[in-house]
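**Student:** Sharing final-v6.cif, mmCIF, C-alpha atoms and all ligand atoms:
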```
data_coords
#
loop_
_atom_site.label_atom_id
_atom_site.label_comp_id
_atom_site.auth_asym_id
_atom_site.auth_seq_id
_atom_site.Cartn_x
_atom_site.Cartn_y
_atom_site.Cartn_z
CA MET A 1 0.00 0.00 0.00
CA GLU A 2 1.06 3.55 -0.74
CA GLY A 3 2.32 6.02 1.73
CA THR A 4 1.56 6.34 5.31
CA ASP A 5 4.12 9.01 4.48
CA PRO A 6 3.65 11.38 7.45
CA VAL A 7 4.59 14.46 5.42
CA SER A 8 1.82 14.10 2.85
CA VAL A 9 -0.92 12.24 4.73
CA ALA A 10 -3.04 14.16 7.24
CA PRO A 11 -3.68 12.64 10.69
CA GLU A 12 -7.18 11.15 10.31
CA SER A 13 -6.28 9.68 6.90
CA ALA A 14 -3.08 8.19 8.32
CA ARG A 15 -5.05 6.52 11.14
CA ASN A 16 -7.47 4.94 8.66
CA ILE A 17 -4.71 3.75 6.38
CA ALA A 18 -2.85 2.20 9.31
CA GLN A 19 -5.99 0.21 10.22
CA VAL A 20 -6.29 -1.02 6.66
CA GLU A 21 -2.63 -2.02 6.56
CA ALA A 22 -3.02 -3.90 9.83
CA HIS A 23 -6.26 -5.76 9.08
CA SER A 24 -6.97 -5.97 5.34
CA ALA A 25 -5.69 -8.32 2.68
CA ARG A 26 -3.30 -6.41 0.44
CA ASN A 27 -5.09 -7.12 -2.80
CA TYR A 28 -5.16 -3.40 -3.67
CA ALA A 29 -2.66 -0.54 -3.57
CA PRO A 30 -4.91 2.52 -3.27
CA LEU A 31 -3.69 6.10 -3.39
CA PRO A 32 -3.31 7.39 0.17
CA VAL A 33 -6.61 9.26 0.29
CA VAL A 34 -9.43 8.30 2.66
CA ILE A 35 -12.73 9.49 1.26
CA ALA A 36 -15.54 10.22 3.66
CA ARG A 37 -18.23 11.84 1.50
CA GLY A 38 -19.10 12.54 -2.10
CA SER A 39 -21.51 14.69 -4.05
CA GLY A 40 -21.65 14.92 -7.84
CA VAL A 41 -18.09 15.00 -9.14
CA TRP A 42 -16.58 16.01 -5.79
CA VAL A 43 -15.40 13.95 -2.85
CA GLU A 44 -14.02 15.00 0.52
CA ASP A 45 -11.52 13.10 2.63
CA VAL A 46 -11.63 12.46 6.39
CA ASP A 47 -9.39 15.49 6.92
CA GLY A 48 -11.74 17.79 5.04
CA LYS A 49 -9.76 18.14 1.79
CA ARG A 50 -11.83 18.23 -1.42
CA TYR A 51 -10.97 16.39 -4.62
CA LEU A 52 -12.45 16.18 -8.10
CA ASP A 53 -13.16 12.54 -8.97
CA LEU A 54 -11.75 11.81 -12.43
CA LEU A 55 -11.98 8.05 -12.00
CA SER A 56 -15.68 7.48 -11.30
CA ALA A 57 -15.00 4.07 -9.74
CA TYR A 58 -13.94 2.85 -13.19
CA SER A 59 -17.21 4.09 -14.79
CA ALA A 60 -19.54 2.88 -12.03
CA LEU A 61 -20.11 6.53 -11.09
CA ASN A 62 -21.28 7.79 -14.48
CA PHE A 63 -24.05 9.66 -12.62
CA GLY A 64 -21.64 11.08 -10.04
CA HIS A 65 -21.76 10.57 -6.30
CA GLY A 66 -25.16 10.52 -4.65
CA HIS A 67 -27.26 11.44 -7.68
CA PRO A 68 -30.37 12.88 -5.95
CA GLU A 69 -32.99 10.99 -7.97
CA ILE A 70 -31.13 7.69 -7.81
CA VAL A 71 -30.57 8.05 -4.07
CA SER A 72 -34.21 8.87 -3.60
CA THR A 73 -35.24 5.74 -5.51
CA PHE A 74 -32.76 3.72 -3.46
CA VAL A 75 -34.07 4.96 -0.12
CA ASP A 76 -37.76 4.62 -1.08
CA GLN A 77 -37.27 1.13 -2.48
CA ALA A 78 -35.13 0.02 0.50
CA ARG A 79 -37.97 1.08 2.79
CA ARG A 80 -40.61 -0.67 0.68
CA LEU A 81 -38.93 -3.90 -0.44
CA ALA A 82 -35.24 -4.71 -0.91
CA LEU A 83 -34.98 -8.44 -1.47
CA THR A 84 -37.18 -11.38 -2.32
CA SER A 85 -34.78 -13.81 -4.05
CA ARG A 86 -35.97 -15.06 -7.42
CA ALA A 87 -38.16 -17.65 -5.69
CA PHE A 88 -40.97 -15.09 -6.00
CA HIS A 89 -41.87 -12.37 -8.46
CA HIS A 90 -41.62 -8.76 -7.35
CA ASP A 91 -43.10 -5.61 -8.82
CA GLN A 92 -39.80 -4.04 -9.99
CA PHE A 93 -38.62 -7.01 -12.04
CA GLY A 94 -41.09 -6.86 -14.94
CA PRO A 95 -40.63 -3.12 -15.56
CA PHE A 96 -36.82 -3.49 -15.25
CA CYS A 97 -36.77 -6.30 -17.84
CA GLU A 98 -39.01 -4.40 -20.22
CA GLU A 99 -37.04 -1.16 -19.91
CA ILE A 100 -33.54 -2.62 -20.21
CA THR A 101 -34.42 -4.77 -23.22
CA ARG A 102 -36.00 -1.72 -24.88
CA LEU A 103 -32.91 0.41 -24.13
CA THR A 104 -30.53 -2.18 -25.57
CA GLY A 105 -32.73 -3.47 -28.40
CA GLN A 106 -32.35 -7.05 -27.15
CA ASP A 107 -35.11 -9.61 -26.48
CA LEU A 108 -34.20 -10.98 -23.06
CA VAL A 109 -32.20 -10.09 -19.95
CA LEU A 110 -30.54 -12.15 -17.24
CA PRO A 111 -29.66 -9.98 -14.22
CA MET A 112 -26.67 -10.57 -11.95
CA ASN A 113 -24.71 -8.34 -9.54
CA THR A 114 -21.03 -7.81 -10.30
CA GLY A 115 -19.39 -7.46 -13.67
CA ALA A 116 -17.49 -10.73 -13.30
CA GLU A 117 -20.78 -12.55 -12.67
CA GLY A 118 -22.19 -10.98 -15.80
CA VAL A 119 -19.19 -12.21 -17.80
CA GLU A 120 -19.45 -15.71 -16.29
CA THR A 121 -23.13 -15.72 -17.21
CA ALA A 122 -22.34 -14.77 -20.81
CA LEU A 123 -19.72 -17.52 -21.05
CA LYS A 124 -22.15 -20.12 -19.70
CA THR A 125 -24.82 -18.88 -22.09
CA ALA A 126 -22.49 -19.09 -25.10
CA ARG A 127 -21.46 -22.64 -24.20
CA LYS A 128 -25.03 -23.83 -23.69
CA TRP A 129 -26.15 -22.12 -26.91
CA GLY A 130 -23.22 -23.82 -28.67
CA TYR A 131 -24.29 -27.29 -27.53
CA GLN A 132 -28.05 -26.85 -27.83
CA VAL A 133 -28.45 -24.63 -30.85
CA LYS A 134 -25.23 -24.70 -32.90
CA GLY A 135 -24.68 -28.42 -32.31
CA VAL A 136 -21.12 -28.35 -30.98
CA PRO A 137 -20.11 -31.77 -29.58
CA ASP A 138 -20.41 -31.96 -25.80
CA GLY A 139 -17.42 -30.53 -23.90
CA GLN A 140 -15.79 -29.08 -27.04
CA ALA A 141 -17.00 -25.47 -27.03
CA GLU A 142 -14.36 -22.82 -27.61
CA ILE A 143 -14.53 -19.10 -26.89
CA ILE A 144 -12.15 -16.59 -28.47
CA VAL A 145 -10.87 -13.70 -26.34
CA CYS A 146 -8.38 -10.89 -26.92
CA ALA A 147 -4.86 -10.32 -25.69
CA GLY A 148 -4.84 -7.55 -23.09
CA ASN A 149 -8.39 -8.36 -22.02
CA PHE A 150 -9.85 -7.58 -18.63
CA HIS A 151 -13.19 -9.19 -17.81
CA GLY A 152 -12.93 -9.72 -14.04
CA ARG A 153 -11.22 -11.95 -11.54
CA THR A 154 -12.97 -15.31 -11.18
CA ILE A 155 -10.93 -18.44 -11.85
CA THR A 156 -12.55 -18.95 -15.24
CA ILE A 157 -12.03 -15.34 -16.25
CA VAL A 158 -8.38 -15.21 -15.20
CA SER A 159 -7.95 -18.51 -17.04
CA PHE A 160 -7.97 -16.53 -20.28
CA SER A 161 -6.09 -13.45 -19.10
CA ASP A 162 -2.64 -12.90 -20.57
CA ASP A 163 -1.58 -10.83 -17.58
CA ALA A 164 0.71 -13.06 -15.51
CA GLN A 165 -0.23 -11.36 -12.23
CA TYR A 166 -3.91 -12.19 -12.61
CA ARG A 167 -3.07 -15.88 -13.11
CA ASP A 168 0.03 -16.64 -11.05
CA GLY A 169 -0.81 -18.86 -8.12
CA PHE A 170 -4.44 -19.43 -9.12
CA GLY A 171 -4.32 -22.50 -11.37
CA PRO A 172 -5.55 -24.98 -12.44
CA PHE A 173 -7.46 -23.02 -15.04
CA THR A 174 -10.65 -23.46 -17.02
CA PRO A 175 -10.00 -24.75 -20.55
CA GLY A 176 -11.86 -23.78 -23.72
CA PHE A 177 -10.45 -20.33 -24.51
CA ARG A 178 -8.24 -19.02 -27.32
CA LEU A 179 -6.41 -15.71 -27.31
CA VAL A 180 -6.00 -13.53 -30.39
CA PRO A 181 -4.34 -10.11 -30.64
CA TYR A 182 -6.82 -7.26 -30.01
CA GLY A 183 -7.97 -5.63 -33.23
CA ASP A 184 -6.52 -8.35 -35.48
CA LEU A 185 -9.24 -9.55 -37.83
CA ALA A 186 -7.09 -12.10 -39.66
CA ALA A 187 -6.07 -13.72 -36.36
CA LEU A 188 -9.70 -13.84 -35.30
CA GLU A 189 -10.73 -15.54 -38.52
CA GLN A 190 -7.91 -18.07 -38.18
CA ALA A 191 -8.85 -18.89 -34.60
CA ILE A 192 -12.45 -19.75 -35.48
CA THR A 193 -13.17 -23.49 -35.69
CA PRO A 194 -16.46 -25.37 -36.05
CA ASN A 195 -16.49 -25.56 -32.23
CA THR A 196 -16.21 -21.81 -31.67
CA VAL A 197 -19.30 -20.56 -29.88
CA GLY A 198 -18.35 -17.01 -28.99
CA PHE A 199 -15.99 -14.08 -29.40
CA LEU A 200 -15.76 -12.06 -26.18
CA VAL A 201 -14.47 -8.52 -26.66
CA GLU A 202 -14.27 -5.13 -24.95
CA PRO A 203 -15.15 -2.52 -27.62
CA ILE A 204 -12.46 -0.35 -26.00
CA GLN A 205 -10.02 -2.11 -23.68
CA GLY A 206 -10.24 -0.36 -20.33
CA GLU A 207 -7.75 -2.08 -18.07
CA GLY A 208 -5.60 -2.90 -21.10
CA GLY A 209 -4.74 0.83 -21.24
CA ILE A 210 -7.75 2.56 -22.91
CA VAL A 211 -7.03 0.86 -26.22
CA VAL A 212 -9.34 1.81 -29.08
CA PRO A 213 -9.36 -0.89 -31.78
CA PRO A 214 -8.61 0.02 -35.42
CA ALA A 215 -11.58 1.68 -37.18
CA GLY A 216 -13.90 -0.94 -38.65
CA PHE A 217 -12.64 -3.77 -36.47
CA LEU A 218 -15.81 -4.19 -34.43
CA ALA A 219 -18.09 -4.10 -37.46
CA LYS A 220 -15.94 -6.55 -39.41
CA ALA A 221 -15.49 -8.87 -36.44
CA ARG A 222 -19.22 -8.80 -35.93
CA GLU A 223 -19.74 -9.79 -39.58
CA LEU A 224 -17.13 -12.55 -39.34
CA CYS A 225 -18.96 -13.92 -36.31
CA ARG A 226 -22.24 -13.87 -38.21
CA GLN A 227 -20.70 -15.76 -41.13
CA HIS A 228 -19.28 -18.49 -38.87
CA ARG A 229 -22.23 -18.61 -36.48
CA VAL A 230 -20.17 -17.42 -33.56
CA LEU A 231 -21.77 -15.21 -30.90
CA PHE A 232 -20.32 -11.70 -30.83
CA ILE A 233 -20.22 -10.93 -27.10
CA ALA A 234 -19.56 -7.32 -26.12
CA ASP A 235 -18.33 -6.65 -22.60
CA GLU A 236 -19.61 -3.09 -22.16
CA ILE A 237 -19.31 -3.16 -18.38
CA GLN A 238 -16.89 -0.23 -18.48
CA THR A 239 -17.71 1.33 -21.86
CA GLY A 240 -21.51 1.07 -21.84
CA LEU A 241 -24.23 3.45 -20.68
CA GLY A 242 -22.93 6.66 -22.20
CA ARG A 243 -19.27 6.59 -21.18
CA THR A 244 -17.77 6.72 -24.69
CA GLY A 245 -20.16 9.29 -26.17
CA LYS A 246 -22.75 6.81 -27.43
CA LEU A 247 -25.14 4.71 -25.41
CA PHE A 248 -22.85 1.74 -26.08
CA ALA A 249 -19.32 1.78 -27.51
CA CYS A 250 -20.41 -0.76 -30.17
CA ASP A 251 -22.78 1.94 -31.50
CA HIS A 252 -19.77 3.83 -32.85
CA GLU A 253 -19.63 1.17 -35.57
CA GLY A 254 -23.34 0.41 -35.77
CA VAL A 255 -22.74 -2.99 -34.18
CA LYS A 256 -25.49 -4.79 -32.32
CA PRO A 257 -23.86 -7.62 -30.39
CA ASP A 258 -25.42 -11.07 -30.03
CA MET A 259 -24.80 -10.75 -26.34
CA LEU A 260 -24.25 -7.58 -24.35
CA ILE A 261 -22.82 -7.49 -20.82
CA LEU A 262 -23.54 -4.45 -18.65
CA GLY A 263 -22.50 -3.63 -15.09
CA LYS A 264 -20.89 -0.79 -13.16
CA ALA A 265 -23.01 2.31 -14.02
CA LEU A 266 -26.14 0.16 -14.25
CA GLY A 267 -26.15 0.29 -10.45
CA GLY A 268 -26.41 4.09 -10.51
CA GLY A 269 -23.24 4.41 -8.43
CA LEU A 270 -25.01 2.90 -5.44
CA MET A 271 -24.86 -0.85 -5.72
CA PRO A 272 -23.61 -3.71 -7.90
CA VAL A 273 -26.01 -4.46 -10.74
CA SER A 274 -25.01 -6.37 -13.87
CA ALA A 275 -26.95 -7.90 -16.70
CA VAL A 276 -26.56 -10.05 -19.78
CA LEU A 277 -28.79 -9.23 -22.74
CA ALA A 278 -29.35 -11.25 -25.88
CA SER A 279 -31.87 -12.58 -28.35
CA ARG A 280 -34.52 -15.13 -27.46
CA GLU A 281 -32.54 -17.78 -29.37
CA VAL A 282 -29.51 -17.19 -27.15
CA LEU A 283 -30.76 -16.46 -23.63
CA GLY A 284 -33.68 -18.79 -24.30
CA VAL A 285 -31.37 -21.76 -23.63
CA PHE A 286 -31.79 -21.47 -19.86
CA GLU A 287 -34.16 -23.72 -17.92
CA PRO A 288 -35.16 -23.04 -14.31
CA GLY A 289 -32.26 -24.02 -12.08
CA ASP A 290 -29.53 -23.77 -14.76
CA HIS A 291 -28.10 -20.53 -13.43
CA GLY A 292 -28.86 -17.72 -11.01
CA SER A 293 -27.91 -15.63 -8.02
CA THR A 294 -29.64 -14.87 -4.70
CA PHE A 295 -29.29 -11.13 -5.20
CA GLY A 296 -29.48 -10.97 -9.01
CA GLY A 297 -32.46 -8.90 -10.12
CA ASN A 298 -33.43 -7.92 -6.57
CA PRO A 299 -36.06 -5.19 -6.08
CA LEU A 300 -33.55 -2.60 -4.89
CA ALA A 301 -31.20 -3.28 -7.83
CA CYS A 302 -34.04 -3.18 -10.36
CA ALA A 303 -35.49 0.05 -9.00
CA VAL A 304 -32.08 1.76 -8.93
CA ALA A 305 -31.18 0.54 -12.45
CA ARG A 306 -34.54 1.77 -13.78
CA THR A 307 -33.92 5.26 -12.46
CA ALA A 308 -30.32 5.19 -13.68
CA MET A 309 -31.45 4.27 -17.21
CA ARG A 310 -34.14 6.96 -17.15
CA VAL A 311 -31.68 9.67 -16.04
CA LEU A 312 -29.13 8.54 -18.62
CA THR A 313 -31.57 8.93 -21.50
CA ARG A 314 -33.47 11.94 -20.22
CA ASP A 315 -30.33 13.96 -19.47
CA GLY A 316 -28.59 12.97 -22.71
CA LEU A 317 -25.47 11.87 -20.84
CA ALA A 318 -24.02 10.03 -23.84
CA ASP A 319 -24.14 13.21 -25.96
CA ARG A 320 -22.65 15.13 -23.08
CA ALA A 321 -19.78 12.62 -22.86
CA HIS A 322 -19.28 12.97 -26.60
CA GLU A 323 -19.08 16.76 -26.59
CA LEU A 324 -17.13 17.27 -23.38
CA GLY A 325 -14.84 14.33 -24.15
CA ALA A 326 -13.96 15.45 -27.68
CA GLN A 327 -13.12 18.95 -26.44
CA PHE A 328 -11.12 17.69 -23.50
CA MET A 329 -9.13 15.28 -25.64
CA ASP A 330 -8.35 18.11 -28.10
CA ARG A 331 -7.10 20.27 -25.27
CA LEU A 332 -4.98 17.45 -23.87
CA ARG A 333 -3.47 16.92 -27.32
CA GLN A 334 -2.48 20.59 -27.40
CA LEU A 335 -0.61 20.22 -24.11
CA ASP A 336 3.01 20.67 -24.90
CA SER A 337 4.17 18.09 -22.38
CA PRO A 338 7.53 16.33 -22.52
CA HIS A 339 5.95 13.29 -20.87
CA VAL A 340 2.97 12.56 -23.11
CA GLN A 341 3.21 9.94 -25.83
CA GLU A 342 -0.40 9.85 -26.95
CA ILE A 343 -3.90 10.89 -25.94
CA ARG A 344 -6.48 8.27 -26.81
CA GLY A 345 -10.01 7.21 -26.03
CA ARG A 346 -13.59 8.07 -26.83
CA GLY A 347 -16.08 10.33 -25.11
CA LEU A 348 -15.15 10.61 -21.46
CA LEU A 349 -12.99 7.48 -21.41
CA ILE A 350 -9.58 8.99 -21.98
CA GLY A 351 -6.09 7.59 -21.64
CA ILE A 352 -2.99 9.75 -21.32
CA ALA A 353 -0.22 7.41 -22.47
CA LEU A 354 3.13 8.50 -21.09
CA LYS A 355 6.56 8.13 -22.66
CA PRO A 356 8.75 5.42 -21.12
CA ALA A 357 11.13 8.07 -19.76
CA ALA A 358 8.28 9.71 -17.84
CA GLY A 359 8.34 6.93 -15.25
CA PRO A 360 5.28 5.15 -13.84
CA ALA A 361 1.87 6.77 -14.39
CA LYS A 362 1.13 6.12 -10.74
CA ALA A 363 3.59 8.84 -9.69
CA PHE A 364 1.57 11.35 -11.76
CA ALA A 365 -1.68 10.10 -10.23
CA LYS A 366 -0.16 10.77 -6.82
CA GLN A 367 0.89 14.29 -7.79
CA LEU A 368 -2.59 14.95 -9.14
CA MET A 369 -4.01 13.77 -5.85
CA HIS A 370 -1.98 16.43 -4.07
CA GLU A 371 -3.44 18.94 -6.54
CA GLY A 372 -6.96 17.83 -5.62
CA VAL A 373 -7.64 15.62 -8.63
CA LEU A 374 -8.25 11.89 -8.24
CA CYS A 375 -7.41 9.53 -11.06
CA LYS A 376 -5.57 6.26 -11.46
CA ASP A 377 -3.08 4.57 -13.69
CA THR A 378 -4.09 1.65 -15.90
CA VAL A 379 -1.23 -0.51 -17.02
CA GLU A 380 2.00 1.11 -15.97
CA SER A 381 2.24 3.96 -18.41
CA VAL A 382 -1.33 5.20 -18.88
CA LEU A 383 -3.29 7.69 -16.78
CA ARG A 384 -7.02 7.14 -17.05
CA ILE A 385 -9.32 10.17 -17.16
CA ALA A 386 -12.95 9.12 -16.75
CA PRO A 387 -15.00 11.68 -14.81
CA PRO A 388 -18.67 11.25 -13.97
CA LEU A 389 -20.68 12.11 -17.09
CA VAL A 390 -22.50 14.83 -15.13
CA ILE A 391 -19.30 16.89 -14.95
CA ASP A 392 -19.57 20.44 -16.33
CA GLN A 393 -17.21 22.60 -18.36
CA THR A 394 -15.99 24.66 -15.39
CA GLU A 395 -15.09 21.54 -13.48
CA LEU A 396 -13.28 20.11 -16.50
CA ASP A 397 -11.36 23.39 -16.87
CA TRP A 398 -10.39 23.14 -13.21
CA ALA A 399 -9.11 19.60 -13.76
CA TYR A 400 -7.32 20.57 -16.99
CA GLU A 401 -5.33 23.29 -15.26
CA ARG A 402 -4.05 20.80 -12.71
CA ILE A 403 -3.32 18.06 -15.22
CA ALA A 404 -1.39 20.57 -17.33
CA ARG A 405 0.62 21.66 -14.28
CA VAL A 406 1.50 18.09 -13.31
CA LEU A 407 2.45 17.03 -16.83
CA HIS A 408 4.83 19.95 -17.36
N1 LIG B 501 -15.37 -6.28 -17.56
C1 LIG B 501 -14.76 -5.10 -17.71
C2 LIG B 501 -14.56 -4.54 -19.09
C3 LIG B 501 -14.30 -4.42 -16.58
O1 LIG B 501 -13.69 -3.24 -16.73
C4 LIG B 501 -15.17 -6.22 -15.20
C5 LIG B 501 -15.58 -6.83 -16.36
C6 LIG B 501 -15.44 -6.87 -13.88
O2 LIG B 501 -16.37 -6.17 -13.12
P1 LIG B 501 -16.46 -6.38 -11.53
O3 LIG B 501 -17.72 -5.66 -11.14
O4 LIG B 501 -16.52 -7.84 -11.30
O5 LIG B 501 -15.22 -5.76 -10.94
C7 LIG B 501 -14.51 -4.99 -15.30
C8 LIG B 501 -14.03 -4.35 -14.04
C9 LIG B 501 -10.84 -3.96 -9.87
C10 LIG B 501 -11.06 -3.24 -11.14
O6 LIG B 501 -10.64 -3.29 -8.87
C11 LIG B 501 -12.02 -3.65 -12.04
C12 LIG B 501 -12.21 -2.96 -13.21
C13 LIG B 501 -11.44 -1.85 -13.47
C14 LIG B 501 -10.48 -1.46 -12.59
C15 LIG B 501 -10.28 -2.14 -11.41
O7 LIG B 501 -10.92 -5.20 -9.88
N2 LIG B 501 -13.10 -3.31 -14.17
#
```
What does the file become when written as structure tokens?
Ligand code: PXG
**Tutor:**
Amino acid sequence: MEGTDPVSVAPESARNIAQVEAHSARNYAPLPVVIARGSGVWVEDVDGKRYLDLLSAYSALNFGHGHPEIVSTFVDQARRLALTSRAFHHDQFGPFCEEITRLTGQDLVLPMNTGAEGVETALKTARKWGYQVKGVPDGQAEIIVCAGNFHGRTITIVSFSDDAQYRDGFGPFTPGFRLVPYGDLAALEQAITPNTVGFLVEPIQGEGGIVVPPAGFLAKARELCRQHRVLFIADEIQTGLGRTGKLFACDHEGVKPDMLILGKALGGGLMPVSAVLASREVLGVFEPGDHGSTFGGNPLACAVARTAMRVLTRDGLADRAHELGAQFMDRLRQLDSPHVQEIRGRGLLIGIALKPAAGPAKAFAKQLMHEGVLCKDTVESVLRIAPPLVIDQTELDWAYERIARVLH
């Protein structure tokens, strides 16, 4: 864990960090800031210092902290009915299913909680569809994934990661996956066999370093999948729901995936809500008992997601991300910084790729923290800028000034 450095960490923060270091597993290395409250794009630490949140919990806070309407739905629904399990129907489930399938243009939804559960669900769906509908011989289904992928941390998901740290010490792994380079159409075509049931892809790689694939890749990959009867599975957990300047990042190339995985922002910044969406042919493979989750599709989650989707559309947050993001990226590109290699991304999902000589991106994130701006590195050399989509121009200007200062 970073710095209990007494010079830079105020007393109450230092106390909290010491507790964490004493009693928590060290599976994270957070910046040494201890946040106590948040509102909109701003958070405040236990010592009363304010910061602008340019990370948005990796896109889970697209609506900002404590969005008033979403909080109000959350509180009302928690008072009325929070949990039933799926053993019974509840009055939020039907409307949620209708609204999310309408928003995504898909036939059916299967709700889960975390992103990784959503991905696991999509993988199970693709396999079952492969055996039942495509006619793949039992136990032979293959799923193609991309180098540099990040889809979560379960054993199956890390089984097809090419990041050694995600895998080391966690074997044996789940078989049935093939890796191809991200954005490489020829490699994808070569990897397809008669047993291929799905191609799982992030339309922009988030944890891989905000990597935008070559123009046309998604549309052509989608077409290739159609030709070979392979399900095109888009993991839009980080890119979906307005983040990249369209409702979904696949929309930039007019691609409608066979299966769509959503998470993060679907929970309105308040709770974990994920979902898999697909056609009736695909999600129709499930029988009662095949798959599920105690909390998946609970009344609180459904109510919160419904309000989140309504706010997203009503407030035009995707268009906002498009406009503010394009401007901000232009301004970043004009920065005459000795450290910057490339500015890349879409909408308000922006990566500042640093030159090797600049040193680790994490050091810049730490400097920005001292300037009152919170963001985080992704891979070693990329700073991720992904503010809540409700951010305004003045707040972005405020952030820009500080980023410019730190990068000079
Ligand atoms: N798919 C994508 C594209 C993601 O970015 C997941 C799946 C998994 O979601 P859950 O809800 O299971 O974390 C992600 C998550 C972290 C971390 O702390 C996770 C993400 C980004 C940065 C850090 O594990 N993305």
**Student:** For ligand LIG 501 (chain B), which residue among A:Thr307, A:Asn149, A:Thr394, A:Thr101 is the nearest when counting all atoms listed in the file?
**Tutor:**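 Among A:Thr307, A:Asn149, A:Thr394, A:Thr101, it is A:Asn149 that comes nearest to ligand LIG 501 (chain B).
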**Student:** Would you pick out the contacts of A:Val255 at 8 Å or less, using all atoms listed in the file, so that residues sharing its chain but fewer than 2 positions from it are not included, and give the list as an mmCIF file with C-alpha atoms, in the frame of the given file?
**Tutor:**
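As written to disk, out_7.cif reads:
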```
data_model
loop_
_atom_site.group_PDB
_atom_site.id
_atom_site.type_symbol
_atom_site.label_atom_id
_atom_site.label_comp_id
_atom_site.auth_asym_id
_atom_site.auth_seq_id
_atom_site.Cartn_x
_atom_site.Cartn_y
_atom_site.Cartn_z
ATOM 1 C CA LEU A 218 -15.810 -4.190 -34.430
ATOM 2 C CA ALA A 219 -18.090 -4.100 -37.460
ATOM 3 C CA ARG A 222 -19.220 -8.800 -35.930
ATOM 4 C CA CYS A 250 -20.410 -0.760 -30.170
ATOM 5 C CA ASP A 251 -22.780 1.940 -31.500
ATOM 6 C CA HIS A 252 -19.770 3.830 -32.850
ATOM 7 C CA GLU A 253 -19.630 1.170 -35.570
ATOM 8 C CA PRO A 257 -23.860 -7.620 -30.390
#
```
**Student:** Do you know which residues are at most 10 Å from A:Phe217 counting only C-alpha atoms, after dropping those on the same chain fewer than 5 positions away, and could you put them as a list in words?
**Tutor:**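 The residues that qualify are Tyr182, Gly183, Asp184, Leu185, Pro203, Val212, Arg222, Glu223 and Glu253 of chain A.
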**Student:** Using C-alpha atoms, can you write the selected residues to a file as a PDB file, in the coordinates of the input?
**Tutor:**
```pdb
ATOM      1  CA  TYR A 182      -6.820  -7.260 -30.010  1.00  0.00           C
ATOM      2  CA  GLY A 183      -7.970  -5.630 -33.230  1.00  0.00           C
ATOM      3  CA  ASP A 184      -6.520  -8.350 -35.480  1.00  0.00           C
ATOM      4  CA  LEU A 185      -9.240  -9.550 -37.830  1.00  0.00           C
ATOM      5  CA  PRO A 203     -15.150  -2.520 -27.620  1.00  0.00           C
ATOM      6  CA  VAL A 212      -9.340   1.810 -29.080  1.00  0.00           C
ATOM      7  CA  ARG A 222     -19.220  -8.800 -35.930  1.00  0.00           C
ATOM      8  CA  GLU A 223     -19.740  -9.790 -39.580  1.00  0.00           C
ATOM      9  CA  GLU A 253     -19.630   1.170 -35.570  1.00  0.00           C
TER      10      GLU A 253
END
```
**Student:** Could you list, as a PyMOL selection string, all protein and nucleic acid residues with an atom at most 9 Å from ligand LIG 501 (chain B), counting all atoms listed in the file?
**Tutor:** chain A and resi 28+57-60+113-119+149-154+201-207+235-239+261-264+272-274+378
**Student:** First collect every listed atom of stretch 222-227 of chain A; then fit an axis-aligned box around them, widen it by 8 Å on each side, and give centre and edge lengths in Å to one decimal, as AutoDock Vina command-line options.
**Tutor:**
```
--center_x -19.7 --center_y -12.3 --center_z -38.5 --size_x 21.1 --size_y 23.0 --size_z 21.2
```
**Student:** Which residues come within 10 Å of A:Asp258, counting only C-alpha atoms, excluding same-chain residues fewer than 6 positions away, as a ChimeraX atom specification?
**Tutor:** /A:106,126,198-199,222,225-226,230-234,277-279,281-283
**Student:** With distances taken over all atoms listed in the file, which residue among A:Gly245, A:Pro288, A:Pro360, A:Gly171 lies nearest A:Asn62?
**Tutor:**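 The answer is A:Gly245, which sits nearest to A:Asn62.
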**Student:** So the first atom is atom CA of A:Pro95 and the second is atom CA of A:Asp315; what is the distance between them in Å, to one decimal place?
**Tutor:** 20.3 Å
**Student:** One decimal, in Å: what's the spacing between atom CA of A:Gly135 and atom CA of A:Arg229?
**Tutor:**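 About the pair atom CA of A:Gly135 and atom CA of A:Arg229: they are 10.9 Å apart.
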**Student:** Hey, what's within 10 Å of A:Gly347 if we count only C-alpha atoms and toss same-chain stuff fewer than 3 positions away? As a PyMOL selection string, please?
**Tutor:** chain A and resi 239+242-246+249+318-329+344+350+386+389
**Student:** Find, counting all atoms listed in the file, the residue in A:Leu407, A:Ile155, A:Ala14, A:Ala186 that gets nearest to A:Gly359.
**Tutor:**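 Closest to A:Gly359, using all atoms listed in the file: A:Leu407.
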**Student:** Find the distance between atom CA of A:Leu188 and atom CA of A:Ala275 and write it in Å to one decimal.
**Tutor:**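 Separation between atom CA of A:Leu188 and atom CA of A:Ala275: 26.1 Å.
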**Student:** So, counting all atoms listed in the file, which residue among A:Cys375, A:Cys97, A:Val180, A:Ala365 is closest to A:Val406?
**Tutor:**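 That would be A:Ala365, the residue with the smallest distance to A:Val406.
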**Student:** Taking 6 positions as the minimum chain separation for residues in the same chain, which residues sit within 10 Å of A:Val34 when counting all atoms listed in the file? Answer as a VMD selection string.
**Tutor:** chain A and resid 9 to 10 12 to 17 43 to 47 49
**Student:** May I ask which of the residues A:Val145, A:Val285, A:Leu200, A:Leu241 is the closest one to A:Leu108, counting all atoms listed in the file?
**Tutor:**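 The answer is A:Val285, which sits nearest to A:Leu108.
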**Student:** Have a look at A:Leu247, A:Glu189, A:Glu99, A:Pro111 and name the one nearest to A:Lys220; count only C-alpha atoms.
**Tutor:** A:Glu189
**Student:** Would you list the residues near (-4.1, 20.2, -22.7) (no more than 12 Å away, in the coordinates of the file, using all atoms listed in the file) as a PyMOL selection string?
**Tutor:** chain A and resi 327-337+340+342-343+352+396-408
